[in-house]
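Okay, structure first, notes after.
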Amino acid sequence: MKPNTRNPIFPEEIIFEIFSWLPVKSLVQFRCVSKKIYSLILEPDFVDIHHRRSMTRDGGTKFLLRKIEGFYTIERNEDEKTYKWNPNNRYDYVMYANGLFCMWKDNVETPRIWNPSTREVIRLPNLRCGSSIHPLTYNYSLGYEPEEKRYKVLMTQEFKRGSRPTKNWVLTLSIDKEWREIESMIDFVPSFNRRVCVNGVIYMLDYKINKAVVAFDVKGEKFRVVKLWKNFGFNNFGDYNLIDVKGKLGVVNNSKLFGEENLWILRNSRWRRHIIRFTREVKLGNYTSKEICNSCDGEIVFIVSKWNFTILYIYDIRKNSWKYLEIQQLPEKGCIYDVFCFAESVFSSPSLRTLRYLDL
């Protein structure tokens, strides 16, 4: 019997290897080819490996900026000056974890999980307290557990001070259809937009009760308190940002000074101080807004808006060196509220309600 040369059959290992290096746009198109390929792309192992390879693949990482009028996706290509505009921003708070974003608005509607790479939006189940004592706020944190390769959303209900302790709920994407209440021996109130997920742990600044960092283990669903270093500036609590520094928790002081920033890194349960010094080429004066995030390869990004342009200053902590990216044609209206660096992800959750991209 002659071999079938018209429709050759490739081993699954070869297909897995080739597809794991493709951009998400191509993978979305391949999902319609066959059920086998569709199932492959949805496998947690494939989603995880593809996301990690997107961190090093050309065009696999992007910056997301949130302004008052919408989201801006900055793509780094050969000229490093192109951008895409997604003009829809109805959300007050955004958190990022492993390619996905969790977005919500104060007590208005249920949160959304947004994958900007596939342009899919997942609406999470709604939860009503069912009690005469209604929560003051709902706070959400998105985490990724690298061992079991699962995404989880932590919801914290804050009540009026003195009425009752905060309550915590968890929902596992693609598995849970309803929220699960979990026990917590720690009463805390996480600070909005002062949180980060690092190696399966969600770190949150607790600015009202413990004045510390509260850590939530995504896999074990347990809380613990991480004490801050001595002489921590509690009076300027809102000036600190939590970032991922090459797999370690970092706390950076987003001060108004132009000369340097203090970066504290948690290594082996001890805080280590690192001073980020700005060179003469990195001119941060006369800016209208400044935000900080970490890049996908562990660098630290300072995004500065001036009157007529926006610049990304990227700091390599190992090499103690700087590089910058000037963003062209970004509308001047409004300050930048958040900035994230994300790598493409092909994650999809068919078990939850998926909305059209325009319903974001």
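Naming works like this for the structure tokens: A, B, ... for the chains as they're shown, residue 1 at the start of each chain, ligands 1 onward in shown order.
For A:Lys230, the residues within 12 Å (counting only C-alpha atoms, excluding itself and residues fewer than 5 positions away along the chain) are Ala212, Trp264, Arg270, Trp271, Arg272 and Arg273 of chain A.
For A:Leu205, the non-local neighbours within 7 Å, defined as residues at least 5 positions apart in the same chain or in other chains and counting only C-alpha atoms, are Pro190, Ser191, Arg194, Arg195, Ala212, Val213 and Val214 of chain A.
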Residues just named, written with all heavy atoms as a PDB file, in the first residue's frame:
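Produced file result39.pdb, reproduced below:
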```
ATOM      1  N   PRO A 190      -8.042  44.520  50.994  1.00  0.00           N
ATOM      2  CA  PRO A 190      -6.989  44.748  50.007  1.00  0.00           C
ATOM      3  C   PRO A 190      -7.119  46.103  49.341  1.00  0.00           C
ATOM      4  O   PRO A 190      -8.220  46.585  49.078  1.00  0.00           O
ATOM      5  CB  PRO A 190      -7.199  43.620  48.993  1.00  0.00           C
ATOM      6  CG  PRO A 190      -8.631  43.236  49.138  1.00  0.00           C
ATOM      7  CD  PRO A 190      -8.984  43.469  50.578  1.00  0.00           C
ATOM      8  N   SER A 191      -5.991  46.719  49.087  1.00  0.00           N
ATOM      9  CA  SER A 191      -5.966  48.017  48.423  1.00  0.00           C
ATOM     10  C   SER A 191      -6.228  47.836  46.936  1.00  0.00           C
ATOM     11  O   SER A 191      -5.696  46.943  46.299  1.00  0.00           O
ATOM     12  CB  SER A 191      -4.602  48.689  48.632  1.00  0.00           C
ATOM     13  OG  SER A 191      -4.508  49.882  47.898  1.00  0.00           O
ATOM     14  N   ARG A 194      -3.312  47.540  44.052  1.00  0.00           N
ATOM     15  CA  ARG A 194      -2.034  47.339  44.732  1.00  0.00           C
ATOM     16  C   ARG A 194      -1.893  45.855  45.037  1.00  0.00           C
ATOM     17  O   ARG A 194      -1.909  45.424  46.173  1.00  0.00           O
ATOM     18  CB  ARG A 194      -1.969  48.163  46.024  1.00  0.00           C
ATOM     19  CG  ARG A 194      -1.977  49.669  45.814  1.00  0.00           C
ATOM     20  CD  ARG A 194      -0.693  50.152  45.119  1.00  0.00           C
ATOM     21  NE  ARG A 194      -0.647  51.601  45.009  1.00  0.00           N
ATOM     22  CZ  ARG A 194      -1.093  52.281  43.971  1.00  0.00           C
ATOM     23  NH1 ARG A 194      -1.642  51.634  42.962  1.00  0.00           N
ATOM     24  NH2 ARG A 194      -0.981  53.592  43.927  1.00  0.00           N
ATOM     25  N   ARG A 195      -1.799  45.058  43.955  1.00  0.00           N
ATOM     26  CA  ARG A 195      -1.711  43.613  44.113  1.00  0.00           C
ATOM     27  C   ARG A 195      -1.022  43.012  42.906  1.00  0.00           C
ATOM     28  O   ARG A 195      -0.961  43.620  41.835  1.00  0.00           O
ATOM     29  CB  ARG A 195      -3.111  43.004  44.287  1.00  0.00           C
ATOM     30  CG  ARG A 195      -3.957  43.121  43.030  1.00  0.00           C
ATOM     31  CD  ARG A 195      -5.405  42.910  43.322  1.00  0.00           C
ATOM     32  NE  ARG A 195      -5.956  44.086  43.978  1.00  0.00           N
ATOM     33  CZ  ARG A 195      -7.159  44.132  44.523  1.00  0.00           C
ATOM     34  NH1 ARG A 195      -7.919  43.058  44.533  1.00  0.00           N
ATOM     35  NH2 ARG A 195      -7.607  45.234  45.078  1.00  0.00           N
ATOM     36  N   ALA A 212       0.019  45.744  56.107  1.00  0.00           N
ATOM     37  CA  ALA A 212       1.017  44.761  55.704  1.00  0.00           C
ATOM     38  C   ALA A 212       0.622  44.216  54.350  1.00  0.00           C
ATOM     39  O   ALA A 212      -0.320  44.699  53.709  1.00  0.00           O
ATOM     40  CB  ALA A 212       1.119  43.642  56.743  1.00  0.00           C
ATOM     41  N   VAL A 213       1.355  43.200  53.891  1.00  0.00           N
ATOM     42  CA  VAL A 213       1.032  42.496  52.663  1.00  0.00           C
ATOM     43  C   VAL A 213       0.356  41.188  53.041  1.00  0.00           C
ATOM     44  O   VAL A 213       0.888  40.403  53.834  1.00  0.00           O
ATOM     45  CB  VAL A 213       2.299  42.222  51.828  1.00  0.00           C
ATOM     46  CG1 VAL A 213       1.959  41.351  50.616  1.00  0.00           C
ATOM     47  CG2 VAL A 213       2.925  43.533  51.359  1.00  0.00           C
ATOM     48  N   VAL A 214      -0.825  40.952  52.494  1.00  0.00           N
ATOM     49  CA  VAL A 214      -1.538  39.698  52.705  1.00  0.00           C
ATOM     50  C   VAL A 214      -1.294  38.807  51.490  1.00  0.00           C
ATOM     51  O   VAL A 214      -1.506  39.225  50.353  1.00  0.00           O
ATOM     52  CB  VAL A 214      -3.044  39.928  52.917  1.00  0.00           C
ATOM     53  CG1 VAL A 214      -3.787  38.605  53.010  1.00  0.00           C
ATOM     54  CG2 VAL A 214      -3.275  40.755  54.170  1.00  0.00           C
TER      55      VAL A 214
END
```
_Can you pull out the residues contacting stretch 102-117 of chain A? Cut-off 8 Å, using only C-alpha atoms, and skip same-chain residues under 3 positions away; I want them as a PyMOL selection string._
chain A and resi 24-25+90-96+99+120-126+137-138+140-142+344-347+360
*Which neighbours of A:Trp169 fall inside 12 Å, counting only C-alpha atoms, when residues of the same chain fewer than 4 positions from it are skipped, and could you give them as number ranges by chain?*
A: 125-129, 138-141, 152-158, 176, 178-184, 216, 221-222
Now that the selection is made, can you save its residues with C-alpha atoms as a JSON list (two decimals), in the first residue's frame?
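Listing of part.json after writing:
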```json
[["chain", "number", "residue", "atom", "x", "y", "z"],
["A", 125, "PRO", "CA", -21.36, 34.41, 38.02],
["A", 126, "ASN", "CA", -23.13, 36.99, 40.12],
["A", 127, "LEU", "CA", -23.22, 36.60, 43.89],
["A", 128, "ARG", "CA", -25.77, 38.18, 46.15],
["A", 129, "CYS", "CA", -25.06, 38.34, 49.83],
["A", 138, "TYR", "CA", -16.57, 43.86, 46.30],
["A", 139, "ASN", "CA", -12.87, 43.39, 45.61],
["A", 140, "TYR", "CA", -11.45, 40.89, 43.11],
["A", 141, "SER", "CA", -7.99, 39.38, 42.61],
["A", 152, "LYS", "CA", -8.70, 31.38, 40.21],
["A", 153, "VAL", "CA", -10.52, 34.57, 41.15],
["A", 154, "LEU", "CA", -10.57, 35.66, 44.78],
["A", 155, "MET", "CA", -13.47, 37.86, 45.82],
["A", 156, "THR", "CA", -13.29, 39.79, 49.09],
["A", 157, "GLN", "CA", -16.44, 41.34, 50.54],
["A", 158, "GLU", "CA", -15.78, 44.36, 52.74],
["A", 176, "ASP", "CA", -16.48, 26.14, 39.13],
["A", 178, "GLU", "CA", -20.58, 29.15, 41.33],
["A", 179, "TRP", "CA", -18.53, 30.99, 43.95],
["A", 180, "ARG", "CA", -17.17, 28.95, 46.89],
["A", 181, "GLU", "CA", -16.83, 30.61, 50.28],
["A", 182, "ILE", "CA", -13.51, 29.89, 52.00],
["A", 183, "GLU", "CA", -12.39, 30.34, 55.58],
["A", 184, "SER", "CA", -9.93, 33.04, 56.55],
["A", 216, "PHE", "CA", -3.10, 34.20, 49.25],
["A", 221, "GLU", "CA", -6.44, 28.68, 49.18],
["A", 222, "LYS", "CA", -4.82, 29.83, 52.43]]
```
*Can you tell me, as a list in words, what residues are no more than 12 Å from A:Phe19 when counting only C-alpha atoms, ignoring any on the same chain fewer than 5 positions away?*
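Close residues of A:Phe19: Glu12, Glu13, Ile14, Val24, Lys25, Ser26, Leu27, Val28, Gln29, Phe30, Arg31, Ile37, Tyr38, Leu40, Ile41, Phe46, Val47, Ile49, His50, His51, Arg53, Ser54 and Val346 of chain A.
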*Counting only C-alpha atoms, the option among A:Lys167, A:Ser39, A:Gly143, A:Leu100 closest to A:Thr118*: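 Among the listed residues, A:Leu100 lies closest to A:Thr118.
For the residues A:Val201, A:Val226, A:Ile74, A:Ile275, ranking by smallest atom-to-atom distance to A:Ile311 using only C-alpha atoms places A:Ile74 first.
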*Residue set, stretch 3-203 of chain A restricted to strand (DSSP E), as a PyMOL selection string*: chain A and resi 61-67+70-75+82-86+93-97+100-104+112-115+120-123+137-145+150-158+167-172+180-182+190-198+201-203
So that I can see what lies close to A:Ile317, please list as a compact mmCIF listing (two decimals) with all heavy atoms, in the first residue's frame the residues with an atom at most 10 Å from it, counting only C-alpha atoms and leaving out residues fewer than 3 positions away in the same chain.
```txt
# COMPACT_ATOMS: atom_id res chain seq x y z
N VAL A 245 9.38 40.68 40.34
CA VAL A 245 10.77 40.89 39.95
C VAL A 245 11.43 39.53 39.77
O VAL A 245 11.92 38.93 40.72
CB VAL A 245 11.53 41.73 41.01
CG1 VAL A 245 12.96 42.00 40.55
CG2 VAL A 245 10.81 43.04 41.27
N LYS A 246 11.34 39.01 38.54
CA LYS A 246 11.95 37.72 38.21
C LYS A 246 11.54 36.63 39.19
O LYS A 246 12.37 35.89 39.74
CB LYS A 246 13.47 37.85 38.14
CG LYS A 246 13.95 38.80 37.04
CD LYS A 246 15.45 38.77 36.88
CE LYS A 246 15.89 39.74 35.78
NZ LYS A 246 15.37 39.39 34.46
N HIS A 274 16.99 47.59 46.98
CA HIS A 274 17.72 47.87 45.74
C HIS A 274 17.34 49.29 45.31
O HIS A 274 16.16 49.64 45.25
CB HIS A 274 17.35 46.88 44.64
CG HIS A 274 18.06 47.13 43.35
ND1 HIS A 274 19.30 46.58 43.06
CD2 HIS A 274 17.72 47.87 42.26
CE1 HIS A 274 19.66 46.97 41.85
NE2 HIS A 274 18.73 47.76 41.35
N ILE A 275 18.33 50.10 45.00
CA ILE A 275 18.09 51.48 44.60
C ILE A 275 18.15 51.59 43.08
O ILE A 275 19.13 51.19 42.45
CB ILE A 275 19.13 52.43 45.23
CG1 ILE A 275 19.03 52.36 46.76
CG2 ILE A 275 18.90 53.86 44.75
CD1 ILE A 275 20.06 53.22 47.46
N ILE A 276 17.07 52.08 42.50
CA ILE A 276 17.01 52.32 41.06
C ILE A 276 17.38 53.78 40.81
O ILE A 276 16.66 54.69 41.21
CB ILE A 276 15.61 52.03 40.50
CG1 ILE A 276 15.20 50.58 40.81
CG2 ILE A 276 15.56 52.28 39.00
CD1 ILE A 276 13.78 50.25 40.39
N GLY A 298 11.01 40.17 33.43
CA GLY A 298 11.54 40.58 34.72
C GLY A 298 12.06 41.99 34.79
O GLY A 298 12.51 42.43 35.85
N GLU A 299 12.02 42.73 33.70
CA GLU A 299 12.46 44.12 33.75
C GLU A 299 11.36 44.99 34.39
O GLU A 299 10.22 44.59 34.49
CB GLU A 299 12.79 44.61 32.34
CG GLU A 299 13.95 43.88 31.69
CD GLU A 299 14.13 44.25 30.23
OE1 GLU A 299 13.10 44.44 29.56
OE2 GLU A 299 15.27 44.35 29.79
N ILE A 300 11.75 46.18 34.81
CA ILE A 300 10.82 47.10 35.45
C ILE A 300 10.55 48.25 34.50
O ILE A 300 11.48 48.85 33.95
CB ILE A 300 11.39 47.61 36.78
CG1 ILE A 300 11.65 46.42 37.72
CG2 ILE A 300 10.42 48.59 37.44
CD1 ILE A 300 12.35 46.81 39.00
N ILE A 314 12.51 51.36 30.45
CA ILE A 314 12.61 49.96 30.85
C ILE A 314 13.95 49.74 31.55
O ILE A 314 15.01 49.99 30.96
CB ILE A 314 12.47 49.03 29.63
CG1 ILE A 314 11.14 49.34 28.91
CG2 ILE A 314 12.49 47.56 30.06
CD1 ILE A 314 10.98 48.61 27.60
N ASN A 320 21.61 46.57 35.39
CA ASN A 320 21.60 47.96 35.85
C ASN A 320 21.68 48.92 34.65
O ASN A 320 22.45 49.88 34.64
CB ASN A 320 22.75 48.22 36.83
CG ASN A 320 22.58 49.54 37.57
OD1 ASN A 320 21.45 50.01 37.76
ND2 ASN A 320 23.68 50.15 37.96
N SER A 321 20.85 48.62 33.65
CA SER A 321 20.88 49.41 32.41
C SER A 321 19.46 49.82 32.04
O SER A 321 18.48 49.25 32.51
CB SER A 321 21.51 48.61 31.28
OG SER A 321 20.76 47.43 31.01
N TRP A 322 19.39 50.83 31.15
CA TRP A 322 18.11 51.39 30.72
C TRP A 322 17.95 51.30 29.20
O TRP A 322 18.92 51.32 28.46
CB TRP A 322 18.01 52.86 31.12
CG TRP A 322 17.89 53.11 32.58
CD1 TRP A 322 18.91 53.25 33.48
CD2 TRP A 322 16.68 53.24 33.33
NE1 TRP A 322 18.42 53.48 34.74
CE2 TRP A 322 17.04 53.48 34.68
CE3 TRP A 322 15.32 53.18 33.00
CZ2 TRP A 322 16.10 53.66 35.68
CZ3 TRP A 322 14.39 53.36 34.00
CH2 TRP A 322 14.78 53.60 35.33
```
*Smallest atom-to-atom distance to A:Glu43: which of A:Glu291, A:Glu148, A:Asp206, A:Asp316, using only C-alpha atoms?*
A:Glu148
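What separates atom CA of A:Ile327 from atom CA of A:Leu249 is a distance of 28.4 Å.
Atom CA of A:Glu147 to atom CA of A:Gly220 spans 11.4 Å [interatomic distance, one decimal].
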*Near A:Tyr324, counting only C-alpha atoms, which residues have an atom at most 10 Å away, once you skip same-chain residues fewer than 6 positions from it, shown as a list in words?*
Glu281, Val282, Val301, Phe302, Ile303, Ile311, Leu312, Tyr313, Ile314 and Tyr315 of chain A
Export C-alpha atoms of the chosen residues as a tab-separated table (two decimals), in the first residue's frame?
```tsv
chain	number	residue	atom	x	y	z
A	281	GLU	CA	19.10	60.09	29.56
A	282	VAL	CA	16.08	59.02	31.62
A	301	VAL	CA	8.86	49.54	33.32
A	302	PHE	CA	8.27	53.21	34.15
A	303	ILE	CA	5.69	54.73	31.84
A	311	ILE	CA	7.66	57.13	26.93
A	312	LEU	CA	8.30	53.67	28.37
A	313	TYR	CA	11.54	53.59	30.37
A	314	ILE	CA	12.61	49.96	30.85
A	315	TYR	CA	15.08	49.11	33.61
```
*Distance of atom CA of A:Ile15 from atom CA of A:Pro146, expressed in Å to one decimal place*: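 Taking atom CA of A:Pro146 and atom CA of A:Ile15, their separation equals 23.0 Å.
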